[in-house]
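Below is input.tsv, which holds TSV, C-alpha atoms and all ligand atoms.
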chain	number	residue	atom	x	y	z
N	1	MET	CA	0.00	0.00	0.00
N	2	PRO	CA	1.44	3.40	-0.92
N	3	LYS	CA	1.91	5.89	1.88
N	4	PHE	CA	1.81	8.93	-0.34
N	5	ILE	CA	-0.52	9.82	-3.15
N	6	ASP	CA	0.65	12.54	-5.52
N	7	ILE	CA	-2.51	13.47	-7.37
N	8	HIS	CA	-0.80	15.61	-10.00
N	9	THR	CA	2.81	15.53	-11.13
N	10	HIS	CA	4.83	15.92	-14.29
N	11	ASN	CA	7.62	13.71	-12.95
N	12	GLN	CA	7.47	10.26	-14.51
N	13	THR	CA	10.01	8.51	-12.28
N	14	THR	CA	8.55	5.85	-10.02
N	15	GLU	CA	9.02	6.30	-6.32
N	16	GLU	CA	8.77	3.84	-3.48
N	17	ASN	CA	5.69	4.18	-1.27
N	18	THR	CA	4.19	6.67	-3.68
N	19	LEU	CA	1.29	6.36	-6.03
N	20	LYS	CA	1.33	9.18	-8.51
N	21	ILE	CA	-0.83	10.41	-11.30
N	22	VAL	CA	1.52	11.66	-13.96
N	23	ASN	CA	0.25	14.31	-16.32
N	24	ALA	CA	1.14	12.74	-19.64
N	25	PRO	CA	2.49	14.77	-22.53
N	26	GLN	CA	0.15	14.65	-25.53
N	27	SER	CA	2.62	12.47	-27.40
N	28	HIS	CA	2.87	9.88	-24.61
N	29	SER	CA	2.78	6.22	-25.62
N	30	PHE	CA	0.57	4.17	-23.34
N	31	SER	CA	1.78	0.87	-24.73
N	32	VAL	CA	4.52	0.60	-22.11
N	33	GLN	CA	3.30	-0.62	-18.74
N	34	THR	CA	4.46	1.42	-15.76
N	35	PRO	CA	3.29	1.44	-12.14
N	36	ASN	CA	2.25	5.06	-12.55
N	37	LEU	CA	-1.19	6.21	-13.53
N	38	PHE	CA	-1.80	9.07	-15.93
N	39	SER	CA	-3.93	12.08	-16.62
N	40	LEU	CA	-4.28	13.25	-20.19
N	41	GLY	CA	-5.83	16.41	-21.55
N	42	LEU	CA	-5.48	19.55	-23.60
N	43	HIS	CA	-3.81	22.21	-21.45
N	44	PRO	CA	-5.09	25.73	-22.17
N	45	TRP	CA	-1.52	26.96	-22.84
N	46	TYR	CA	-1.11	24.65	-25.81
N	47	LEU	CA	-4.49	25.01	-27.49
N	48	ASP	CA	-4.19	25.71	-31.19
N	49	LYS	CA	-7.20	26.54	-33.33
N	50	ASN	CA	-5.47	25.09	-36.39
N	51	THR	CA	-4.91	21.64	-34.93
N	52	ILE	CA	-7.65	21.40	-32.33
N	53	GLU	CA	-9.93	18.89	-34.07
N	54	ASN	CA	-7.04	16.53	-34.68
N	55	ASP	CA	-5.72	17.06	-31.13
N	56	PHE	CA	-9.13	16.39	-29.67
N	57	GLU	CA	-9.58	13.22	-31.69
N	58	LYS	CA	-6.21	11.93	-30.46
N	59	LEU	CA	-7.19	12.77	-26.89
N	60	GLU	CA	-10.48	10.90	-27.25
N	61	GLN	CA	-8.66	7.81	-28.49
N	62	SER	CA	-5.86	7.80	-25.87
N	63	ALA	CA	-8.16	8.73	-23.00
N	64	LYS	CA	-9.88	5.37	-23.29
N	65	ASN	CA	-6.65	3.67	-22.22
N	66	GLN	CA	-6.87	2.10	-18.77
N	67	GLN	CA	-3.65	3.80	-17.68
N	68	VAL	CA	-5.38	7.15	-18.20
N	69	VAL	CA	-7.43	7.58	-15.05
N	70	MET	CA	-8.17	11.32	-15.23
N	71	ILE	CA	-8.82	13.90	-17.93
N	72	GLY	CA	-6.68	17.04	-17.74
N	73	GLU	CA	-5.04	19.09	-16.82
N	74	CYS	CA	-7.45	21.25	-18.68
N	75	GLY	CA	-9.18	24.48	-17.76
N	76	LEU	CA	-9.08	28.22	-18.13
N	77	ASP	CA	-6.20	30.68	-17.89
N	78	ARG	CA	-6.70	34.45	-18.06
N	79	ASN	CA	-2.98	35.15	-18.17
N	80	ILE	CA	-2.45	33.79	-21.66
N	81	ASP	CA	-3.06	35.13	-25.11
N	82	ILE	CA	-5.65	32.57	-26.20
N	83	ASP	CA	-9.21	33.83	-26.18
N	84	LEU	CA	-11.30	32.71	-23.26
N	85	ALA	CA	-14.28	31.68	-25.38
N	86	PHE	CA	-12.12	29.16	-27.26
N	87	GLN	CA	-10.56	27.93	-24.01
N	88	THR	CA	-14.06	27.55	-22.52
N	89	ASP	CA	-15.32	25.58	-25.51
N	90	ILE	CA	-12.45	23.09	-25.29
N	91	PHE	CA	-12.70	22.85	-21.51
N	92	ILE	CA	-16.40	21.99	-21.75
N	93	ARG	CA	-15.71	19.37	-24.41
N	94	GLN	CA	-13.13	17.76	-22.10
N	95	ILE	CA	-15.59	17.68	-19.20
N	96	GLN	CA	-18.11	16.00	-21.49
N	97	LEU	CA	-15.47	13.48	-22.56
N	98	ALA	CA	-14.60	12.81	-18.91
N	99	GLU	CA	-18.28	12.32	-18.16
N	100	ARG	CA	-18.67	9.82	-21.01
N	101	LEU	CA	-15.61	7.90	-19.79
N	102	GLN	CA	-16.54	8.36	-16.12
N	103	LYS	CA	-13.07	9.65	-15.24
N	104	PRO	CA	-12.38	12.62	-12.92
N	105	VAL	CA	-11.13	15.96	-14.31
N	106	VAL	CA	-8.02	17.74	-13.05
N	107	ILE	CA	-8.28	21.48	-13.56
N	108	HIS	CA	-5.79	24.24	-14.27
N	109	CYS	CA	-7.32	27.57	-13.35
N	110	VAL	CA	-5.73	31.01	-13.41
N	111	ARG	CA	-7.96	34.00	-12.65
N	112	ALA	CA	-11.09	32.27	-13.90
N	113	PHE	CA	-12.69	30.67	-10.85
N	114	PRO	CA	-16.17	32.23	-11.34
N	115	GLU	CA	-16.19	30.84	-14.89
N	116	ILE	CA	-15.08	27.37	-13.76
N	117	ILE	CA	-17.78	27.32	-11.08
N	118	ALA	CA	-20.43	28.53	-13.57
N	119	ILE	CA	-19.47	25.75	-16.00
N	120	LYS	CA	-19.80	23.11	-13.28
N	121	LYS	CA	-23.17	24.53	-12.25
N	122	LYS	CA	-24.40	24.47	-15.83
N	123	LEU	CA	-23.11	21.02	-16.82
N	124	GLN	CA	-23.57	19.33	-13.44
N	125	PRO	CA	-21.17	16.50	-14.28
N	126	SER	CA	-21.28	13.44	-12.04
N	127	ILE	CA	-17.50	12.98	-12.16
N	128	PRO	CA	-15.26	14.54	-9.47
N	129	MET	CA	-13.52	17.79	-10.41
N	130	ILE	CA	-10.17	18.60	-8.83
N	131	ILE	CA	-8.69	22.09	-8.80
N	132	HIS	CA	-4.96	21.48	-8.87
N	133	GLY	CA	-2.26	23.71	-7.40
N	134	PHE	CA	-4.77	25.86	-5.55
N	135	ASN	CA	-3.18	28.97	-4.05
N	136	ASN	CA	-5.94	31.47	-3.80
N	137	ASN	CA	-7.86	33.34	-1.13
N	138	SER	CA	-10.39	32.02	1.38
N	139	GLN	CA	-13.44	33.48	-0.43
N	140	ILE	CA	-12.63	31.55	-3.61
N	141	CYS	CA	-11.78	28.49	-1.55
N	142	GLU	CA	-15.17	28.72	0.16
N	143	GLN	CA	-16.99	28.95	-3.16
N	144	LEU	CA	-15.15	25.92	-4.53
N	145	ILE	CA	-16.03	23.94	-1.41
N	146	GLU	CA	-19.66	25.01	-1.69
N	147	HIS	CA	-19.70	23.68	-5.24
N	148	GLN	CA	-18.18	20.34	-4.28
N	149	PHE	CA	-14.81	20.72	-5.95
N	150	TYR	CA	-11.85	18.73	-4.70
N	151	ILE	CA	-8.87	20.97	-3.95
N	152	SER	CA	-5.26	19.93	-4.40
N	153	LEU	CA	-2.43	21.84	-2.74
N	154	GLY	CA	1.23	21.70	-3.68
N	155	ALA	CA	4.50	23.58	-3.45
N	156	ALA	CA	2.78	26.81	-2.35
N	157	LEU	CA	2.74	25.16	1.10
N	158	ILE	CA	6.50	25.68	1.29
N	159	ASN	CA	5.76	29.36	1.96
N	160	PRO	CA	4.01	29.60	5.35
N	161	ASN	CA	2.39	32.89	4.29
N	162	SER	CA	0.92	31.61	1.04
N	163	ASN	CA	-2.82	31.37	0.50
N	164	ALA	CA	-2.50	27.59	0.29
N	165	SER	CA	-0.93	27.43	3.76
N	166	LYS	CA	-3.67	29.66	5.15
N	167	VAL	CA	-6.70	27.94	3.59
N	168	ILE	CA	-5.73	24.32	4.20
N	169	LYS	CA	-7.58	24.29	7.53
N	170	MET	CA	-10.85	25.30	5.91
N	171	ILE	CA	-10.82	22.58	3.24
N	172	PRO	CA	-12.96	19.61	4.35
N	173	LYS	CA	-10.57	16.67	4.67
N	174	GLU	CA	-12.69	14.57	2.32
N	175	LYS	CA	-12.05	17.14	-0.42
N	176	LEU	CA	-8.28	17.48	-0.04
N	177	PHE	CA	-5.48	16.22	-2.28
N	178	LEU	CA	-1.75	16.96	-2.37
N	179	GLU	CA	0.60	17.22	-5.32
N	180	THR	CA	4.10	18.12	-6.51
N	181	ASP	CA	3.08	19.33	-10.02
N	182	ASP	CA	6.19	20.39	-11.97
N	183	LYS	CA	8.01	21.59	-8.87
N	184	ASN	CA	11.29	20.27	-7.62
N	185	CYS	CA	10.01	18.96	-4.27
N	186	THR	CA	9.04	15.59	-2.82
N	187	ILE	CA	5.48	14.55	-2.07
N	188	SER	CA	6.59	13.47	1.42
N	189	SER	CA	7.70	17.05	2.14
N	190	ILE	CA	4.31	18.37	0.93
N	191	PHE	CA	2.55	15.89	3.24
N	192	ALA	CA	4.74	17.02	6.16
N	193	LEU	CA	3.83	20.67	5.55
N	194	ALA	CA	0.14	19.89	5.09
N	195	SER	CA	0.20	17.89	8.31
N	196	ALA	CA	1.79	20.79	10.20
N	197	TYR	CA	-0.58	23.48	8.88
N	198	SER	CA	-3.72	21.42	9.33
N	199	ASN	CA	-2.78	19.92	12.70
N	200	VAL	CA	-3.48	16.43	11.42
N	201	PRO	CA	-0.86	13.74	12.11
N	202	ILE	CA	0.83	12.63	8.91
N	203	GLU	CA	-0.38	8.99	9.20
N	204	ILE	CA	-3.97	10.22	9.47
N	205	LEU	CA	-3.46	12.57	6.55
N	206	GLN	CA	-2.13	9.69	4.47
N	207	GLU	CA	-5.21	7.67	5.31
N	208	ILE	CA	-7.54	10.57	4.50
N	209	ILE	CA	-5.97	11.07	1.08
N	210	ILE	CA	-6.00	7.34	0.31
N	211	ASN	CA	-9.71	7.29	1.16
N	212	ASN	CA	-10.32	10.29	-1.10
N	213	PHE	CA	-8.39	8.58	-3.87
N	214	ASN	CA	-10.36	5.35	-3.49
N	215	ARG	CA	-13.63	7.29	-3.50
N	216	ILE	CA	-13.00	9.24	-6.72
N	217	PHE	CA	-11.68	6.15	-8.51
N	218	SER	CA	-14.08	3.58	-7.10
N	219	ASN	CA	-15.52	2.92	-10.58
N	220	GLN	CA	-12.07	2.30	-12.10
N	221	ASN	CA	-10.95	-0.46	-9.71
N	222	LEU	CA	-7.78	1.37	-8.74
N	223	GLU	CA	-8.24	0.79	-5.05
N	224	THR	CA	-4.97	0.88	-3.18
W	301	ZN	ZN	0.62	20.57	-13.83
Represent the structure from my file as structure tokens, please.
Ligand SMILES: [Zn+2]
Amino acid sequence: MPKFIDIHTHNQTTEENTLKIVNAPQSHSFSVQTPNLFSLGLHPWYLDKNTIENDFEKLEQSAKNQQVVMIGECGLDRNIDIDLAFQTDIFIRQIQLAERLQKPVVIHCVRAFPEIIAIKKKLQPSIPMIIHGFNNNSQICEQLIEHQFYISLGAALINPNSNASKVIKMIPKEKLFLETDDKNCTISSIFALASAYSNVPIEILQEIIINNFNRIFSNQNLET
């Protein structure tokens, strides 16, 4: 049984005692068996109107693979030069794909939380939706909790004054995940920080996150 679950990472190396969901590059070959699980999606940064139909078709094909357990990261980003309407359209299509495949969605969101919440309200997908790398204020955190999002915290916890470090206590434990993303840190160090800020012993935190993992993947037989 793994001690640590890293719900979102870009680091493909396998680690002892760790179950990780690796965000696969679009070109990833799923023919090779690895102990890692994968998420696959069209990241808003790399959306291209000229290739989108082809890219989406490829995603639809690869996403059926059993090693792909989540769709994403996908989402909305206000800090980039790609128009938000196009981003929204592709995000919605990925949620619909996730719903068809009954796989959770891992979400990248920069300055577009009201839009993400509105989309969830409108579509009402049955699949879990995880906001990854959350590092925003308590009002936004509250709204996400109210709308049943899962919230994943990562390297922002290294800074004790970050939003992530401040809001961790308000996130219901059954909605919490932890991650390393593309940062140069270990998931065990993120667990240690989360344990300290939330006043939950690390063994209990490990159990909580394993339970959350088992719950969101109960239909995919991934139980740890
Ligand atoms: Zn990422």
Nearest-residue call for Ile158 of chain N, choices N:Phe191, N:Ala63, N:Cys141, N:Lys20, using all atoms listed in the file: N:Phe191
Report, in Å to a single decimal, how far apart atom CA of Leu153 of chain N and atom CA of Gly133 of chain N are.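 Between atom CA of Gly133 of chain N and atom CA of Leu153 of chain N the gap is 5.0 Å.
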Using only C-alpha atoms and all ligand atoms, find each residue with an atom at most 8 Å away from ligand ZN 301 (chain W) and format the answer as a list in words. His8, Thr9, His10, Asn23, Glu73, His108, His132, Gly133, Asp181 and Asp182 of chain N
Could you produce a table of the residues of segment 86-200 of chain N lying within 10 Å of segment 27-47 of chain N, with the nearest pair of atoms per residue and their separation in Å rounded to one decimal, using only C-alpha atoms, ordered by chain and increasing residue number, as a Markdown table?
| residue | atom | partner | partner_atom | distance |
| --- | --- | --- | --- | --- |
| N:Phe86 | CA | N:Leu47 | CA | 8.7 |
| N:Gln87 | CA | N:Pro44 | CA | 6.2 |
| N:Thr88 | CA | N:Pro44 | CA | 9.2 |
| N:Ile90 | CA | N:Leu42 | CA | 8.0 |
| N:Phe91 | CA | N:Pro44 | CA | 8.2 |
| N:Gln94 | CA | N:Gly41 | CA | 7.4 |
| N:Ala98 | CA | N:Gly41 | CA | 9.8 |
| N:Lys103 | CA | N:Ser39 | CA | 9.6 |
| N:Pro104 | CA | N:Ser39 | CA | 9.2 |
| N:Val105 | CA | N:Ser39 | CA | 8.5 |
| N:Val106 | CA | N:Ser39 | CA | 7.8 |
| N:Ile107 | CA | N:His43 | CA | 9.1 |
| N:His108 | CA | N:His43 | CA | 7.7 |
| N:Cys109 | CA | N:Pro44 | CA | 9.3 |
Would you write out those residues with C-alpha atoms, as a PDB file, in the frame of the given file?
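This went into part.pdb:
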ATOM      1  CA  PHE N  86     -12.120  29.160 -27.260  1.00  0.00           C
ATOM      2  CA  GLN N  87     -10.560  27.930 -24.010  1.00  0.00           C
ATOM      3  CA  THR N  88     -14.060  27.550 -22.520  1.00  0.00           C
ATOM      4  CA  ILE N  90     -12.450  23.090 -25.290  1.00  0.00           C
ATOM      5  CA  PHE N  91     -12.700  22.850 -21.510  1.00  0.00           C
ATOM      6  CA  GLN N  94     -13.130  17.760 -22.100  1.00  0.00           C
ATOM      7  CA  ALA N  98     -14.600  12.810 -18.910  1.00  0.00           C
ATOM      8  CA  LYS N 103     -13.070   9.650 -15.240  1.00  0.00           C
ATOM      9  CA  PRO N 104     -12.380  12.620 -12.920  1.00  0.00           C
ATOM     10  CA  VAL N 105     -11.130  15.960 -14.310  1.00  0.00           C
ATOM     11  CA  VAL N 106      -8.020  17.740 -13.050  1.00  0.00           C
ATOM     12  CA  ILE N 107      -8.280  21.480 -13.560  1.00  0.00           C
ATOM     13  CA  HIS N 108      -5.790  24.240 -14.270  1.00  0.00           C
ATOM     14  CA  CYS N 109      -7.320  27.570 -13.350  1.00  0.00           C
TER      15      CYS N 109
END
Identify, on the basis of all atoms listed in the file, every residue whose closest approach to Asn163 of chain N does not exceed 10 Å; exclude the query and any residue fewer than 6 positions from it along the same chain; express the result as a VMD selection string. chain N and resid 134 to 138 141 156 to 157
Once you count only C-alpha atoms, what closest atom pair and distance in Å to one decimal does each residue of segment 184-209 of chain N within 12 Å of segment 174-179 of chain N have, with rows by chain and rising residue number, as JSON lines?
{"residue": "N:Asn184", "atom": "CA", "partner": "N:Glu179", "partner_atom": "CA", "distance": 11.4}
{"residue": "N:Cys185", "atom": "CA", "partner": "N:Glu179", "partner_atom": "CA", "distance": 9.6}
{"residue": "N:Thr186", "atom": "CA", "partner": "N:Glu179", "partner_atom": "CA", "distance": 9.0}
{"residue": "N:Ile187", "atom": "CA", "partner": "N:Glu179", "partner_atom": "CA", "distance": 6.4}
{"residue": "N:Ser188", "atom": "CA", "partner": "N:Glu179", "partner_atom": "CA", "distance": 9.8}
{"residue": "N:Ser189", "atom": "CA", "partner": "N:Glu179", "partner_atom": "CA", "distance": 10.3}
{"residue": "N:Ile190", "atom": "CA", "partner": "N:Leu178", "partner_atom": "CA", "distance": 7.0}
{"residue": "N:Phe191", "atom": "CA", "partner": "N:Leu178", "partner_atom": "CA", "distance": 7.1}
{"residue": "N:Ala192", "atom": "CA", "partner": "N:Leu178", "partner_atom": "CA", "distance": 10.7}
{"residue": "N:Leu193", "atom": "CA", "partner": "N:Leu178", "partner_atom": "CA", "distance": 10.4}
{"residue": "N:Ala194", "atom": "CA", "partner": "N:Leu178", "partner_atom": "CA", "distance": 8.2}
{"residue": "N:Ser195", "atom": "CA", "partner": "N:Leu178", "partner_atom": "CA", "distance": 10.9}
{"residue": "N:Ser198", "atom": "CA", "partner": "N:Leu176", "partner_atom": "CA", "distance": 11.1}
{"residue": "N:Leu205", "atom": "CA", "partner": "N:Leu176", "partner_atom": "CA", "distance": 9.5}
{"residue": "N:Gln206", "atom": "CA", "partner": "N:Phe177", "partner_atom": "CA", "distance": 10.0}
{"residue": "N:Glu207", "atom": "CA", "partner": "N:Glu174", "partner_atom": "CA", "distance": 10.6}
{"residue": "N:Ile208", "atom": "CA", "partner": "N:Glu174", "partner_atom": "CA", "distance": 6.9}
{"residue": "N:Ile209", "atom": "CA", "partner": "N:Phe177", "partner_atom": "CA", "distance": 6.2}
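Take the candidates N:Leu222, N:Ile7, N:Met170, N:Ile216 and check each one against Gln67 of chain N using only C-alpha atoms; the shortest distance goes to N:Leu222.
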State, in Å with one decimal place, the distance from atom CA of Lys166 of chain N to atom CA of Leu76 of chain N.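 Computed distance, atom CA of Lys166 of chain N to atom CA of Leu76 of chain N, equals 23.9 Å.
Note that the spacing between atom CA of Glu57 of chain N and atom CA of Ile127 of chain N amounts to 21.1 Å.
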Tell me which of N:Ile151, N:Ile116, N:Ile95, N:Ala196 sits closest to Ile131 of chain N, counting all atoms listed in the file.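 Of N:Ile151, N:Ile116, N:Ile95, N:Ala196, the one nearest Ile131 of chain N is N:Ile151, counting all atoms listed in the file.
Nearest residue to Asp77 of chain N, choosing from N:Leu97, N:Pro125, N:Glu115, N:Phe56 and counting only C-alpha atoms: N:Glu115.
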